[in-house]
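Participant: One structure, pasted below without further comment.
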Amino acid sequence: MENELTLYRKRISFIVERMTGQKNEDLAQEIYLKTWQNLHKYQEQGKFKGWVSSVARNMCRDFKRSKGERQRAITAGEEVLETLSVQAMQEEAIIRKQRQKKVLEAVSNLPRKMREVLVLSEFHDNSLEEVAKRLRIPVGTVKSRLFNAKKHLKEDLKEFEGENL
């Protein structure tokens, strides 16, 4: 009987790998040891191979239910979520940079007079009166140029409609 048990070492390793999803030599060794220690309990009614396989499957189930295995699964899950979160943040940063580049391109494509008013009022947070004073033009002209600049940008940046730029 003990000689037959040595023939089933590969079978035990196969069952462990299939049921736990990984090679686990420690678990396979525990199964082999438990099987060897309980040889006296084997009743020769069924096939020895079936009995060894049954012991291996039961121990694999116990292993998977164990607290340590559950903790490893939780930790692995957390690592996966963390990796996905980092990837999502990286993708967001790339998309944000692409949007910024397109906005800056659209602003630079505006006629000079519209661009000046837009940059001074929107990027430098100047009031309409401050922009008018700085450019030495009437406030009404500032309003008109700003309106037209925004209209051009809206047209150029249609793809971002509904998004917060």
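Identifiers in this document derive from the order of the structure tokens: chains are assigned A, B, ..., residues are numbered from 1 separately in each chain, and ligands are numbered from 1 in order of occurrence.
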Would you mind listing what lies within 8 Å of segment 45-53 of chain A as an MDAnalysis selection string, with only C-alpha atoms counted and same-chain residues fewer than 2 positions away left out?
Facilitator: chainID A and resid 8 11:12 15 35 42:43 55:57
Participant: With C-alpha atoms retained, could you export that selection as a JSON list (two decimals), in the first residue's frame?
Facilitator:
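What follows is the written file out-v4.json:
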[["chain", "number", "residue", "atom", "x", "y", "z"],
["A", 8, "TYR", "CA", 0.10, 8.98, -6.58],
["A", 11, "ARG", "CA", -1.91, 12.88, -8.94],
["A", 12, "ILE", "CA", -1.98, 14.78, -5.65],
["A", 15, "ILE", "CA", -5.43, 17.94, -7.88],
["A", 35, "THR", "CA", -2.83, 10.10, 3.34],
["A", 42, "TYR", "CA", -8.50, 2.82, 3.92],
["A", 43, "GLN", "CA", -11.05, 0.10, 3.35],
["A", 55, "VAL", "CA", -8.47, 12.95, 0.58],
["A", 56, "ALA", "CA", -6.65, 15.42, -1.68],
["A", 57, "ARG", "CA", -9.87, 17.15, -2.80]]
Participant: For Lys23 of chain A, work out the shell of residues within 12 Å, counting only C-alpha atoms and skipping chain neighbours fewer than 4 positions away, then give it as a VMD selection string.
Facilitator: chain A and resid 10 12 to 19 27 to 29 60
Participant: For Glu105 of chain A, which residue out of A:Trp36, A:Glu30, A:Leu153, A:Asn24 is the nearest one, using only C-alpha atoms?
Facilitator: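 The answer is A:Leu153, which sits nearest to Glu105 of chain A.
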Participant: Looking only at the backbone, which of the residues in segment 3-151 of chain A does DSSP tag as alpha helix (DSSP H), as a count of residues only?
Facilitator: 118
Participant: Have a look at atom CA of Met114 of chain A and atom CA of Asp156 of chain A and let me know their distance in Å, one decimal.
Facilitator: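 Between these atoms lies a distance of 14.3 Å.
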Participant: Quick one, how far is atom CA of Thr20 of chain A from atom CA of Gln87 of chain A?
Facilitator: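 Separation of atom CA of Thr20 of chain A and atom CA of Gln87 of chain A: 28.4 Å.
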Participant: Pick from A:Ile94, A:Val142, A:Ile31, A:Ala73: nearest to Asn126 of chain A, with only C-alpha atoms counted?
Facilitator: A:Val142
Participant: Smallest atom-to-atom distance to Leu128 of chain A: which of A:Arg145, A:Arg61, A:Leu33, A:Arg115, using only C-alpha atoms?
Facilitator: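 Of A:Arg145, A:Arg61, A:Leu33, A:Arg115, the one nearest Leu128 of chain A, counting only C-alpha atoms, is A:Arg145.
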